[in-house]
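K.L.:
Got start.cif for you, mmCIF, C-alpha atoms and all ligand atoms:
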data_structure
#
loop_
_atom_site.label_atom_id
_atom_site.label_comp_id
_atom_site.auth_asym_id
_atom_site.auth_seq_id
_atom_site.Cartn_x
_atom_site.Cartn_y
_atom_site.Cartn_z
CA ASN A 1 -28.56 21.01 -4.63
CA TYR A 2 -26.93 21.02 -1.21
CA ILE A 3 -24.03 18.62 -0.70
CA LEU A 4 -22.29 17.85 2.59
CA ALA A 5 -18.59 17.11 2.13
CA ILE A 6 -16.33 15.46 4.68
CA GLU A 7 -12.53 15.37 4.71
CA SER A 8 -10.61 13.28 7.25
CA SER A 9 -7.58 11.90 5.40
CA CYS A 10 -4.84 13.09 7.73
CA ASP A 11 -4.93 15.32 10.80
CA ASP A 12 -7.64 17.87 9.99
CA THR A 13 -11.33 17.12 10.46
CA SER A 14 -13.31 19.19 8.00
CA ALA A 15 -16.92 19.53 6.82
CA ALA A 16 -18.32 21.80 4.13
CA ILE A 17 -21.73 22.56 2.71
CA MET A 18 -21.90 23.25 -1.02
CA ALA A 19 -24.78 24.81 -2.91
CA ASP A 20 -23.81 23.32 -6.28
CA ASN A 21 -20.34 24.78 -7.02
CA LYS A 22 -20.52 27.46 -4.30
CA VAL A 23 -19.24 27.05 -0.75
CA LEU A 24 -21.73 27.95 1.98
CA SER A 25 -19.48 26.82 4.83
CA ASN A 26 -16.10 25.17 5.19
CA ILE A 27 -15.16 24.27 8.77
CA VAL A 28 -11.73 22.86 9.64
CA ALA A 29 -10.81 21.54 13.09
CA ARG A 30 -7.03 21.44 13.29
CA GLN A 31 -5.53 18.80 15.55
CA GLU A 32 -2.88 20.57 17.59
CA ILE A 33 -2.02 17.40 19.51
CA HIS A 34 0.58 16.39 16.87
CA GLU A 35 2.76 19.48 17.31
CA GLU A 36 4.56 18.13 20.35
CA TYR A 37 5.34 14.84 18.58
CA GLY A 38 7.01 16.46 15.57
CA GLY A 39 4.66 14.72 13.13
CA VAL A 40 1.20 13.20 12.79
CA VAL A 41 0.55 10.29 15.17
CA PRO A 42 -1.99 8.14 13.28
CA GLU A 43 -3.76 6.69 16.31
CA LEU A 44 -4.19 10.11 17.92
CA ALA A 45 -5.46 11.48 14.61
CA SER A 46 -8.18 8.80 14.36
CA ARG A 47 -9.34 9.48 17.91
CA ALA A 48 -9.46 13.24 17.38
CA HIS A 49 -11.46 12.74 14.16
CA GLN A 50 -13.99 10.68 16.09
CA GLN A 51 -14.33 13.42 18.69
CA ASN A 52 -14.55 16.23 16.16
CA ILE A 53 -16.63 14.87 13.32
CA VAL A 54 -20.14 15.38 14.74
CA PRO A 55 -19.56 18.93 16.06
CA VAL A 56 -17.75 19.95 12.86
CA VAL A 57 -20.64 18.75 10.67
CA ASP A 58 -23.16 20.47 12.98
CA ILE A 59 -21.29 23.76 12.76
CA ALA A 60 -21.01 23.47 8.96
CA LEU A 61 -24.79 22.96 8.65
CA LYS A 62 -25.55 25.82 11.05
CA LYS A 63 -23.20 28.21 9.32
CA ALA A 64 -24.71 27.31 5.93
CA GLY A 65 -28.17 27.93 7.39
CA ILE A 66 -29.61 24.58 6.35
CA THR A 67 -30.69 21.37 8.10
CA LYS A 68 -29.54 17.88 7.21
CA ASP A 69 -32.95 17.05 5.70
CA GLN A 70 -32.19 19.53 2.91
CA LEU A 71 -29.06 17.64 1.76
CA SER A 72 -29.05 15.95 -1.65
CA ALA A 73 -25.84 13.94 -1.26
CA ILE A 74 -22.83 13.32 0.96
CA ALA A 75 -19.27 13.37 -0.40
CA PHE A 76 -16.31 12.01 1.54
CA THR A 77 -12.59 11.43 1.09
CA GLN A 78 -12.07 7.79 0.13
CA GLY A 79 -8.27 8.14 0.00
CA PRO A 80 -5.33 8.48 -0.15
CA GLY A 81 -4.42 9.06 3.47
CA LEU A 82 -4.07 7.42 6.87
CA MET A 83 -6.38 4.40 7.07
CA GLY A 84 -7.60 5.08 10.61
CA SER A 85 -8.38 8.69 9.73
CA LEU A 86 -10.14 7.84 6.46
CA LEU A 87 -12.30 5.21 8.19
CA VAL A 88 -13.80 7.76 10.58
CA GLY A 89 -15.00 10.11 7.83
CA GLY A 90 -15.95 7.24 5.52
CA SER A 91 -18.04 5.39 8.09
CA PHE A 92 -19.72 8.58 9.23
CA ALA A 93 -20.60 9.56 5.65
CA LYS A 94 -21.91 6.08 4.86
CA SER A 95 -24.11 5.97 7.96
CA LEU A 96 -25.55 9.42 7.38
CA SER A 97 -26.31 8.68 3.73
CA LEU A 98 -28.17 5.52 4.81
CA ALA A 99 -30.05 7.37 7.54
CA LEU A 100 -31.08 10.21 5.21
CA ASP A 101 -31.51 7.91 2.21
CA ILE A 102 -29.41 10.12 -0.08
CA PRO A 103 -26.53 9.19 -2.41
CA LEU A 104 -22.95 8.82 -1.27
CA VAL A 105 -20.05 10.15 -3.37
CA ALA A 106 -16.46 8.89 -2.92
CA VAL A 107 -13.72 11.45 -3.64
CA ASN A 108 -9.99 11.14 -4.29
CA HIS A 109 -8.18 13.66 -2.09
CA MET A 110 -5.56 14.53 -4.75
CA HIS A 111 -8.29 15.02 -7.35
CA ALA A 112 -9.80 17.50 -4.90
CA HIS A 113 -6.53 19.41 -4.42
CA ILE A 114 -6.61 19.97 -8.21
CA LEU A 115 -10.31 20.64 -8.78
CA CYS A 116 -10.50 23.19 -5.92
CA HIS A 117 -9.93 25.69 -8.75
CA PHE A 118 -13.50 25.03 -9.95
CA ILE A 119 -15.11 26.30 -6.75
CA ASP A 120 -17.12 29.35 -7.72
CA GLU A 121 -15.37 32.31 -6.06
CA GLU A 122 -15.48 35.97 -6.99
CA GLY A 123 -12.15 37.12 -8.40
CA TYR A 124 -10.94 33.61 -9.24
CA ASP A 125 -10.87 32.37 -12.86
CA LYS A 126 -11.31 28.72 -13.71
CA PRO A 127 -8.77 26.93 -15.93
CA GLU A 128 -9.78 25.44 -19.28
CA PHE A 129 -9.05 21.84 -20.29
CA PRO A 130 -6.46 20.59 -20.89
CA PHE A 131 -4.28 22.14 -18.20
CA LEU A 132 -1.27 21.12 -16.12
CA ALA A 133 -1.65 20.69 -12.37
CA MET A 134 1.21 20.53 -9.93
CA THR A 135 0.12 18.96 -6.67
CA ILE A 136 2.48 19.98 -3.89
CA SER A 137 1.48 18.68 -0.49
CA GLY A 138 2.50 16.78 2.62
CA GLY A 139 2.41 13.39 0.91
CA HIS A 140 2.59 14.12 -2.84
CA THR A 141 4.49 16.01 -5.51
CA GLN A 142 3.05 15.39 -8.94
CA ILE A 143 2.66 16.97 -12.34
CA VAL A 144 -0.71 15.95 -13.76
CA LYS A 145 -2.21 16.54 -17.19
CA VAL A 146 -5.88 17.26 -16.64
CA ASN A 147 -7.84 16.49 -19.81
CA SER A 148 -11.31 16.81 -18.30
CA PHE A 149 -12.95 16.61 -14.88
CA PHE A 150 -12.44 12.86 -14.69
CA ASP A 151 -9.55 12.22 -17.07
CA LEU A 152 -6.24 12.88 -15.32
CA GLU A 153 -2.80 11.59 -16.30
CA ILE A 154 0.23 11.69 -13.99
CA LEU A 155 3.24 12.89 -16.03
CA GLY A 156 5.73 12.86 -13.17
CA GLU A 157 5.99 12.50 -9.42
CA THR A 158 8.43 12.31 -6.57
CA THR A 159 10.61 9.24 -6.32
CA ASP A 160 11.10 9.71 -2.56
CA ASP A 161 9.95 12.52 -0.23
CA ALA A 162 7.13 14.94 -1.02
CA VAL A 163 7.85 18.65 -1.18
CA GLY A 164 5.84 19.26 2.01
CA GLU A 165 8.12 16.78 3.78
CA ALA A 166 11.16 18.67 2.49
CA PHE A 167 9.74 21.79 4.15
CA ASP A 168 8.71 20.03 7.37
CA LYS A 169 11.91 18.02 7.79
CA SER A 170 14.09 21.06 7.14
CA ALA A 171 12.00 22.93 9.72
CA LYS A 172 12.53 20.11 12.20
CA VAL A 173 16.31 20.38 11.77
CA LEU A 174 15.94 24.09 12.57
CA GLY A 175 13.98 23.22 15.72
CA PHE A 176 10.57 24.46 14.55
CA PRO A 177 7.35 22.70 15.67
CA TYR A 178 5.34 20.50 13.24
CA PRO A 179 4.28 21.36 10.59
CA GLY A 180 7.18 23.70 9.95
CA GLY A 181 6.42 24.58 6.33
CA PRO A 182 4.43 27.72 7.17
CA LEU A 183 7.20 28.89 9.55
CA ILE A 184 9.89 28.57 6.87
CA ASP A 185 7.62 30.67 4.66
CA LYS A 186 7.24 33.29 7.42
CA TYR A 187 10.95 33.67 8.22
CA ALA A 188 11.96 33.47 4.54
CA LYS A 189 10.20 36.79 3.94
CA GLU A 190 12.92 38.66 5.86
CA GLY A 191 15.86 36.71 4.45
CA ASN A 192 18.24 36.65 1.48
CA PRO A 193 17.39 33.69 -0.79
CA LYS A 194 20.93 33.64 -2.18
CA ALA A 195 22.70 33.67 1.23
CA PHE A 196 23.36 29.91 1.18
CA GLN A 197 23.62 27.63 -1.82
CA PHE A 198 22.16 24.13 -2.00
CA THR A 199 22.52 21.89 -5.02
CA LYS A 200 19.39 20.87 -6.84
CA PRO A 201 18.86 17.14 -7.42
CA LYS A 202 19.31 15.82 -10.94
CA VAL A 203 16.23 13.80 -11.78
CA ASP A 204 15.26 12.83 -15.30
CA GLY A 205 12.03 13.88 -16.95
CA LEU A 206 9.17 15.20 -14.87
CA ASN A 207 9.96 13.25 -11.71
CA PHE A 208 11.16 14.83 -8.48
CA SER A 209 13.46 13.92 -5.61
CA PHE A 210 13.73 15.74 -2.28
CA SER A 211 15.49 13.31 0.04
CA GLY A 212 18.99 14.38 -1.05
CA LEU A 213 18.19 18.02 -0.39
CA LYS A 214 16.90 17.12 3.06
CA THR A 215 20.18 15.37 3.92
CA GLN A 216 22.21 18.22 2.47
CA ILE A 217 20.37 20.71 4.68
CA LEU A 218 20.83 18.48 7.74
CA TYR A 219 24.62 18.27 7.22
CA PHE A 220 24.85 21.98 6.43
CA ILE A 221 23.14 22.88 9.71
CA GLN A 222 25.11 20.33 11.77
CA LYS A 223 28.42 21.56 10.36
CA ASN A 224 27.66 25.21 11.03
CA VAL A 225 26.19 24.67 14.50
CA ALA A 226 29.39 22.78 15.43
CA ILE A 227 31.36 25.93 14.58
CA ASN A 228 28.85 28.42 15.99
CA PRO A 229 26.14 27.18 18.39
CA ASN A 230 24.05 30.29 17.62
CA PHE A 231 24.22 29.75 13.85
CA ILE A 232 20.50 29.01 13.44
CA GLU A 233 19.31 31.89 15.63
CA GLU A 234 21.65 34.39 13.94
CA ASN A 235 20.83 33.30 10.37
CA LYS A 236 17.25 32.07 10.66
CA ALA A 237 15.78 34.29 7.94
CA ASP A 238 18.62 33.68 5.46
CA ILE A 239 18.56 29.91 6.02
CA CYS A 240 14.78 29.75 5.52
CA ALA A 241 14.89 32.00 2.45
CA SER A 242 17.68 29.89 0.90
CA ILE A 243 15.91 26.57 1.54
CA GLN A 244 12.63 27.92 0.17
CA HIS A 245 14.35 29.43 -2.86
CA THR A 246 16.00 26.09 -3.72
CA ILE A 247 12.72 24.18 -3.41
CA ILE A 248 10.89 26.73 -5.56
CA GLN A 249 13.59 26.53 -8.24
CA ILE A 250 13.22 22.75 -8.36
CA LEU A 251 9.44 23.07 -8.82
CA ILE A 252 9.63 25.86 -11.40
CA ASP A 253 12.29 24.01 -13.46
CA LYS A 254 10.00 20.98 -13.73
CA LEU A 255 6.99 23.10 -14.61
CA ARG A 256 8.93 24.75 -17.42
CA LEU A 257 9.90 21.32 -18.73
CA ALA A 258 6.29 20.11 -18.51
CA VAL A 259 5.09 23.17 -20.46
CA LYS A 260 7.78 22.58 -23.07
CA GLU A 261 6.96 18.87 -23.42
CA THR A 262 3.17 19.20 -23.56
CA GLY A 263 2.73 22.63 -25.14
CA ILE A 264 0.12 23.33 -22.45
CA GLN A 265 0.47 26.77 -20.91
CA GLN A 266 -2.22 26.84 -18.25
CA ILE A 267 -0.89 25.81 -14.87
CA VAL A 268 -2.68 25.24 -11.59
CA ILE A 269 -1.13 24.41 -8.25
CA GLY A 270 -2.84 22.64 -5.37
CA GLY A 271 -2.09 21.08 -1.99
CA GLY A 272 -0.75 22.51 1.25
CA VAL A 273 2.51 23.83 -0.19
CA SER A 274 0.53 25.98 -2.66
CA ALA A 275 -0.11 28.18 0.41
CA ASN A 276 3.58 29.13 0.26
CA SER A 277 3.98 32.82 -0.60
CA GLY A 278 7.22 32.19 -2.53
CA ILE A 279 5.77 29.58 -4.87
CA ARG A 280 2.64 31.68 -5.38
CA GLN A 281 4.80 34.65 -6.40
CA ALA A 282 7.05 32.51 -8.63
CA LEU A 283 4.02 31.11 -10.47
CA LYS A 284 2.68 34.63 -11.03
CA ASP A 285 6.11 35.91 -12.18
CA GLY A 286 6.21 33.02 -14.67
CA GLU A 287 3.29 34.59 -16.55
CA LYS A 288 5.66 37.27 -17.87
CA LYS A 289 8.88 35.25 -17.84
CA TYR A 290 7.64 31.97 -19.29
CA LYS A 291 4.36 33.04 -20.91
CA TRP A 292 2.20 30.65 -18.95
CA LYS A 293 -1.11 31.42 -17.26
CA ALA A 294 -1.03 30.60 -13.56
CA PHE A 295 -4.00 29.69 -11.36
CA ILE A 296 -3.31 30.17 -7.65
CA PRO A 297 -5.90 28.69 -5.27
CA LYS A 298 -7.61 30.80 -2.65
CA PHE A 299 -5.59 30.35 0.56
CA GLU A 300 -8.51 28.60 2.30
CA TYR A 301 -8.46 25.79 -0.31
CA THR A 302 -4.71 25.00 -0.18
CA THR A 303 -4.25 22.90 2.96
CA ASP A 304 -6.74 20.13 3.67
CA ASN A 305 -10.36 21.27 3.68
CA ALA A 306 -13.75 19.77 2.87
CA ALA A 307 -14.80 22.40 0.31
CA MET A 308 -12.37 20.88 -2.20
CA ILE A 309 -13.96 17.47 -1.55
CA GLY A 310 -17.33 19.17 -2.06
CA ILE A 311 -16.49 20.52 -5.52
CA VAL A 312 -15.46 17.06 -6.76
CA GLY A 313 -18.60 15.76 -5.04
CA TYR A 314 -20.66 18.26 -7.01
CA TYR A 315 -19.21 17.19 -10.39
CA ARG A 316 -19.60 13.50 -9.57
CA PHE A 317 -23.15 14.09 -8.32
CA LYS A 318 -24.02 15.84 -11.62
CA GLU A 319 -22.88 12.74 -13.50
CA SER A 320 -24.57 10.36 -11.01
CA LEU A 321 -21.18 8.84 -10.20
CA PHE A 322 -22.29 7.47 -6.83
CA ALA A 323 -20.59 5.03 -4.51
CA ASP A 324 -22.51 2.00 -3.35
CA SER A 325 -22.74 1.00 0.29
CA SER A 326 -19.88 -1.50 -0.01
CA VAL A 327 -17.37 1.27 -0.81
CA VAL A 328 -14.17 1.07 1.27
CA SER A 329 -11.53 3.60 2.29
CA LYS A 330 -8.16 3.27 0.57
CA ALA A 331 -4.75 4.39 1.87
CA ARG A 332 -3.57 4.49 -1.76
CA ILE A 333 -5.77 5.28 -4.70
CA GLU A 334 -5.42 6.07 -8.43
CA PHE A 335 -7.15 8.85 -10.34
P1 LIG A 401 -1.56 14.89 0.83
O1 LIG A 401 -2.44 15.98 0.33
O2 LIG A 401 -0.40 14.63 -0.05
O3 LIG A 401 -2.33 13.67 1.19
P2 LIG A 401 -1.61 16.23 3.35
O4 LIG A 401 -3.06 16.24 3.07
O5 LIG A 401 -1.13 15.71 4.65
O6 LIG A 401 -0.89 15.41 2.20
P3 LIG A 401 -1.72 19.04 2.89
O7 LIG A 401 -2.60 19.48 4.00
O8 LIG A 401 -2.27 19.08 1.54
O9 LIG A 401 -1.01 17.64 3.16
O10 LIG A 401 -0.41 19.91 2.99
C1 LIG A 401 0.30 19.98 4.20
C2 LIG A 401 1.71 20.36 3.87
O11 LIG A 401 1.74 21.71 3.40
C3 LIG A 401 2.64 20.32 5.08
O12 LIG A 401 3.82 19.67 4.69
C4 LIG A 401 2.88 21.79 5.37
O13 LIG A 401 4.12 22.09 5.95
C5 LIG A 401 2.79 22.38 4.00
N1 LIG A 401 2.54 23.82 4.03
C6 LIG A 401 1.42 24.46 4.45
N2 LIG A 401 1.57 25.80 4.34
C7 LIG A 401 2.81 26.02 3.84
C8 LIG A 401 3.57 27.17 3.50
N3 LIG A 401 3.07 28.40 3.66
N4 LIG A 401 4.83 26.99 3.01
C9 LIG A 401 5.33 25.76 2.83
N5 LIG A 401 4.68 24.63 3.14
C10 LIG A 401 3.44 24.76 3.64
FE FE A 402 -3.85 17.16 1.30
#
Could you write out this structure as structure tokens?
P.N.:
Amino acid sequence: NYILAIESSCDDTSAAIMADNKVLSNIVARQEIHEEYGGVVPELASRAHQQNIVPVVDIALKKAGITKDQLSAIAFTQGPGLMGSLLVGGSFAKSLSLALDIPLVAVNHMHAHILCHFIDEEGYDKPEFPFLAMTISGGHTQIVKVNSFFDLEILGETTDDAVGEAFDKSAKVLGFPYPGGPLIDKYAKEGNPKAFQFTKPKVDGLNFSFSGLKTQILYFIQKNVAINPNFIEENKADICASIQHTIIQILIDKLRLAVKETGIQQIVIGGGVSANSGIRQALKDGEKKYKWKAFIPKFEYTTDNAAMIGIVGYYRFKESLFADSSVVSKARIEF
């Protein structure tokens, strides 16, 4: 079966065509407009989605080599995300499913960041249930126990900022354009991760906190720039490496605790921050150090993309878990 998947929860408009659990095409239109504002402007995001959605779906169909009459279902991101952005993809999906008279499948975006590991890709193993998933993205930081495709339990999550925000806000302090996470990753490669020390937050159990670290980094930069105006330029690589190292330590510490508490040793990561080369390496290194088995998503499926919506769509389609035509988009949503 061919499934069209649509993702429009934040600032990327994406469409994918799945042939069951295989990806035939996965098109992402990035909205560069937000760079100059230092963050996503919701109203501009909605407008750009409306401009992009039809061409992006057309390109996805063309690249997959099929026509819309061959589709068996349409999957879309129901939430969580920005309401105005979700509504564009949701309304489009609903209309097309009515026009083609095929079922509609509503997908949770965070569920998709986890289940992207089930996309059939050469060279990528699939985890076995139960496994632990750490979602690390622009809006979330969670440790989830995944018992089956549709039975997920949140064991811990951030009490304030998400890890992606910690990256982006630190990058902003350093004067990098939005989103700065990938730039910190890039400069960190040349730097010494132990050059500067930041204290890790003390948070009980499997919860996270990143707002204190953000403030600490802000004060650290302000203090040093007051002494030496060229501090950032002269130490860019070391600063980035030190920030990234601290964040990775926080994540790895919690994963170790989660493994200890649950006895589950298979770990997957998902979400935009799972593109980070440092966290990918740390997860792999943990296989020897901490005896866990790590699943690292293909780079293409880390930041927002419709293929991950498509794989959840495929599993829901198989179980006939369809949405009816009164389905609504939701800014917040549970598993
Ligand atoms: P959510 O999935 O929680 O709804 P989102 O969809 O807006 O949030 P994603 O696209 O999943 O977020 O992830 C975007 C985040 O990933 C941004 O904060 C971005 O800086 C971060 N990110 C992307 N690549 C990297 C990288 N290489 N290193 C660090 N952070 C990165
Ligand atoms: Fe996301």
K.L.:
Show me which residues sit within 9 Å of ligand LIG 401 (chain A) when counting all atoms listed in the file, and put them as number ranges by chain.
P.N.:
A: 9-12, 40, 79-82, 109-110, 113, 135-141, 162-169, 171, 178-186, 244, 270-279, 302-305
K.L.:
Generate the output file for the selected residues, C-alpha atoms, as a PDB file, keeping the file's coordinate frame.
P.N.:
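Result file selection18.pdb:
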ATOM      1  CA  SER A   9      -7.580  11.900   5.400  1.00  0.00           C
ATOM      2  CA  CYS A  10      -4.840  13.090   7.730  1.00  0.00           C
ATOM      3  CA  ASP A  11      -4.930  15.320  10.800  1.00  0.00           C
ATOM      4  CA  ASP A  12      -7.640  17.870   9.990  1.00  0.00           C
ATOM      5  CA  VAL A  40       1.200  13.200  12.790  1.00  0.00           C
ATOM      6  CA  GLY A  79      -8.270   8.140   0.000  1.00  0.00           C
ATOM      7  CA  PRO A  80      -5.330   8.480  -0.150  1.00  0.00           C
ATOM      8  CA  GLY A  81      -4.420   9.060   3.470  1.00  0.00           C
ATOM      9  CA  LEU A  82      -4.070   7.420   6.870  1.00  0.00           C
ATOM     10  CA  HIS A 109      -8.180  13.660  -2.090  1.00  0.00           C
ATOM     11  CA  MET A 110      -5.560  14.530  -4.750  1.00  0.00           C
ATOM     12  CA  HIS A 113      -6.530  19.410  -4.420  1.00  0.00           C
ATOM     13  CA  THR A 135       0.120  18.960  -6.670  1.00  0.00           C
ATOM     14  CA  ILE A 136       2.480  19.980  -3.890  1.00  0.00           C
ATOM     15  CA  SER A 137       1.480  18.680  -0.490  1.00  0.00           C
ATOM     16  CA  GLY A 138       2.500  16.780   2.620  1.00  0.00           C
ATOM     17  CA  GLY A 139       2.410  13.390   0.910  1.00  0.00           C
ATOM     18  CA  HIS A 140       2.590  14.120  -2.840  1.00  0.00           C
ATOM     19  CA  THR A 141       4.490  16.010  -5.510  1.00  0.00           C
ATOM     20  CA  ALA A 162       7.130  14.940  -1.020  1.00  0.00           C
ATOM     21  CA  VAL A 163       7.850  18.650  -1.180  1.00  0.00           C
ATOM     22  CA  GLY A 164       5.840  19.260   2.010  1.00  0.00           C
ATOM     23  CA  GLU A 165       8.120  16.780   3.780  1.00  0.00           C
ATOM     24  CA  ALA A 166      11.160  18.670   2.490  1.00  0.00           C
ATOM     25  CA  PHE A 167       9.740  21.790   4.150  1.00  0.00           C
ATOM     26  CA  ASP A 168       8.710  20.030   7.370  1.00  0.00           C
ATOM     27  CA  LYS A 169      11.910  18.020   7.790  1.00  0.00           C
ATOM     28  CA  ALA A 171      12.000  22.930   9.720  1.00  0.00           C
ATOM     29  CA  TYR A 178       5.340  20.500  13.240  1.00  0.00           C
ATOM     30  CA  PRO A 179       4.280  21.360  10.590  1.00  0.00           C
ATOM     31  CA  GLY A 180       7.180  23.700   9.950  1.00  0.00           C
ATOM     32  CA  GLY A 181       6.420  24.580   6.330  1.00  0.00           C
ATOM     33  CA  PRO A 182       4.430  27.720   7.170  1.00  0.00           C
ATOM     34  CA  LEU A 183       7.200  28.890   9.550  1.00  0.00           C
ATOM     35  CA  ILE A 184       9.890  28.570   6.870  1.00  0.00           C
ATOM     36  CA  ASP A 185       7.620  30.670   4.660  1.00  0.00           C
ATOM     37  CA  LYS A 186       7.240  33.290   7.420  1.00  0.00           C
ATOM     38  CA  GLN A 244      12.630  27.920   0.170  1.00  0.00           C
ATOM     39  CA  GLY A 270      -2.840  22.640  -5.370  1.00  0.00           C
ATOM     40  CA  GLY A 271      -2.090  21.080  -1.990  1.00  0.00           C
ATOM     41  CA  GLY A 272      -0.750  22.510   1.250  1.00  0.00           C
ATOM     42  CA  VAL A 273       2.510  23.830  -0.190  1.00  0.00           C
ATOM     43  CA  SER A 274       0.530  25.980  -2.660  1.00  0.00           C
ATOM     44  CA  ALA A 275      -0.110  28.180   0.410  1.00  0.00           C
ATOM     45  CA  ASN A 276       3.580  29.130   0.260  1.00  0.00           C
ATOM     46  CA  SER A 277       3.980  32.820  -0.600  1.00  0.00           C
ATOM     47  CA  GLY A 278       7.220  32.190  -2.530  1.00  0.00           C
ATOM     48  CA  ILE A 279       5.770  29.580  -4.870  1.00  0.00           C
ATOM     49  CA  THR A 302      -4.710  25.000  -0.180  1.00  0.00           C
ATOM     50  CA  THR A 303      -4.250  22.900   2.960  1.00  0.00           C
ATOM     51  CA  ASP A 304      -6.740  20.130   3.670  1.00  0.00           C
ATOM     52  CA  ASN A 305     -10.360  21.270   3.680  1.00  0.00           C
TER      53      ASN A 305
END
K.L.:
Nearest to ligand FE 402 (chain A): which of A:Ile239, A:Leu321, A:Leu87, A:Met308 is it, counting only C-alpha atoms and all ligand atoms?
P.N.:
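Selected residue with least distance to ligand FE 402 (chain A): A:Met308.
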K.L.:
Find the distance between CA of Leu115 in chain A and CA of Phe149 in chain A and write it in Å to one decimal.
P.N.:
7.8 Å
K.L.:
CA of Ile102 in chain A and CA of Ala73 in chain A are how many Å apart?
P.N.:
5.4 Å
K.L.:
For a quick check of understanding, using only C-alpha atoms and all ligand atoms, which of A:Glu334, A:Ala75, A:His111, A:Gly286 has the smallest distance to ligand FE 402 (chain A)?
P.N.:
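For ligand FE 402 (chain A), the nearest of the given residues is A:His111.
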K.L.:
Quick check, in Å to one decimal: how far apart do CA of Lys260 in chain A and atom FE of ligand FE 402 (chain A) lie?
P.N.:
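The value is 27.5 Å.
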K.L.:
I'd like the neighbourhood of Lys22 in chain A as a list in words, where a residue qualifies if any of its atoms comes within 10 Å (using all atoms listed in the file), though same-chain residues fewer than 6 positions away should be ignored.
P.N.:
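My list of contacting residues is Tyr2, Phe118, Ile119, Asp120, Glu121, Ala307, Gly310, Ile311 and Tyr314 of chain A.
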K.L.:
Would you export the selected residues with C-alpha atoms as a PDB file, keeping the file's coordinate frame, please?
P.N.:
ATOM      1  CA  TYR A   2     -26.930  21.020  -1.210  1.00  0.00           C
ATOM      2  CA  PHE A 118     -13.500  25.030  -9.950  1.00  0.00           C
ATOM      3  CA  ILE A 119     -15.110  26.300  -6.750  1.00  0.00           C
ATOM      4  CA  ASP A 120     -17.120  29.350  -7.720  1.00  0.00           C
ATOM      5  CA  GLU A 121     -15.370  32.310  -6.060  1.00  0.00           C
ATOM      6  CA  ALA A 307     -14.800  22.400   0.310  1.00  0.00           C
ATOM      7  CA  GLY A 310     -17.330  19.170  -2.060  1.00  0.00           C
ATOM      8  CA  ILE A 311     -16.490  20.520  -5.520  1.00  0.00           C
ATOM      9  CA  TYR A 314     -20.660  18.260  -7.010  1.00  0.00           C
TER      10      TYR A 314
END
K.L.:
Report as a list in words all protein, DNA and RNA residues lying within 12 Å of Gln249 in chain A, evaluated on all atoms listed in the file, omitting residues in the same chain fewer than 3 positions from it.
P.N.:
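Within the cut-off, the hits are Pro193, Lys194, Gln197, Phe198, Thr199, Lys200, Pro201, Phe208, Ser242, Ile243, Gln244, His245, Thr246, Ile252, Asp253, Lys254, Leu255, Arg256, Gly278, Ile279, Ala282, Leu283 and Gly286 of chain A.
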K.L.:
Let me make sure I understand: among A:Ala226, A:Asp160, A:Ile309, A:Gly90, which one has the smallest atom-to-atom distance to ligand FE 402 (chain A) if we use only C-alpha atoms and all ligand atoms?
P.N.:
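Closest to ligand FE 402 (chain A), using only C-alpha atoms and all ligand atoms: A:Ile309.
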K.L.:
When you look at Ala323 in chain A with a cut-off of 8 Å (counting all atoms listed in the file), what residues show up, excluding the ones that are within fewer than 4 positions of it in the same chain? I need them as a ChimeraX atom specification.
P.N.:
/A:103-106,327
K.L.:
Could you tell me, as a list in words, which residues have any atom at most 6 Å from (-4.6, 30.6, -16.0), counting all atoms listed in the file?
P.N.:
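Residues with an atom close enough to that point: Pro127, Gln266, Lys293, Ala294 and Phe295 of chain A.
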K.L.:
Which one of A:Val28, A:Ala112, A:Leu155, A:Val328 sits closest to ligand FE 402 (chain A) if you count only C-alpha atoms and all ligand atoms?
P.N.:
A:Ala112
K.L.:
Determine the nearest neighbour of ligand FE 402 (chain A) from the options A:Ala99, A:Thr13, A:Gly212, A:Lys223, counting only C-alpha atoms and all ligand atoms.
P.N.:
A:Thr13
K.L.:
List as a VMD selection string the residues having at least one atom at most 8 Å from position (-29.5, 15.2, 7.2) as given in the file, counting only C-alpha atoms.
P.N.:
chain A and resid 67 to 71 96 99 to 100
K.L.:
Which residues, written as a PDB file with C-alpha atoms, keeping the file's coordinate frame, have at least one atom at most 10 Å from Ile27 in chain A, with only C-alpha atoms counted and residues fewer than 5 positions away on the same chain left out?
P.N.:
ATOM      1  CA  ILE A   6     -16.330  15.460   4.680  1.00  0.00           C
ATOM      2  CA  ASP A  12      -7.640  17.870   9.990  1.00  0.00           C
ATOM      3  CA  THR A  13     -11.330  17.120  10.460  1.00  0.00           C
ATOM      4  CA  SER A  14     -13.310  19.190   8.000  1.00  0.00           C
ATOM      5  CA  ALA A  15     -16.920  19.530   6.820  1.00  0.00           C
ATOM      6  CA  ALA A  16     -18.320  21.800   4.130  1.00  0.00           C
ATOM      7  CA  ILE A  17     -21.730  22.560   2.710  1.00  0.00           C
ATOM      8  CA  VAL A  56     -17.750  19.950  12.860  1.00  0.00           C
ATOM      9  CA  VAL A  57     -20.640  18.750  10.670  1.00  0.00           C
ATOM     10  CA  ASP A  58     -23.160  20.470  12.980  1.00  0.00           C
ATOM     11  CA  ILE A  59     -21.290  23.760  12.760  1.00  0.00           C
ATOM     12  CA  ALA A  60     -21.010  23.470   8.960  1.00  0.00           C
ATOM     13  CA  LEU A  61     -24.790  22.960   8.650  1.00  0.00           C
ATOM     14  CA  LYS A  63     -23.200  28.210   9.320  1.00  0.00           C
ATOM     15  CA  ASN A 305     -10.360  21.270   3.680  1.00  0.00           C
ATOM     16  CA  ALA A 306     -13.750  19.770   2.870  1.00  0.00           C
ATOM     17  CA  ALA A 307     -14.800  22.400   0.310  1.00  0.00           C
TER      18      ALA A 307
END
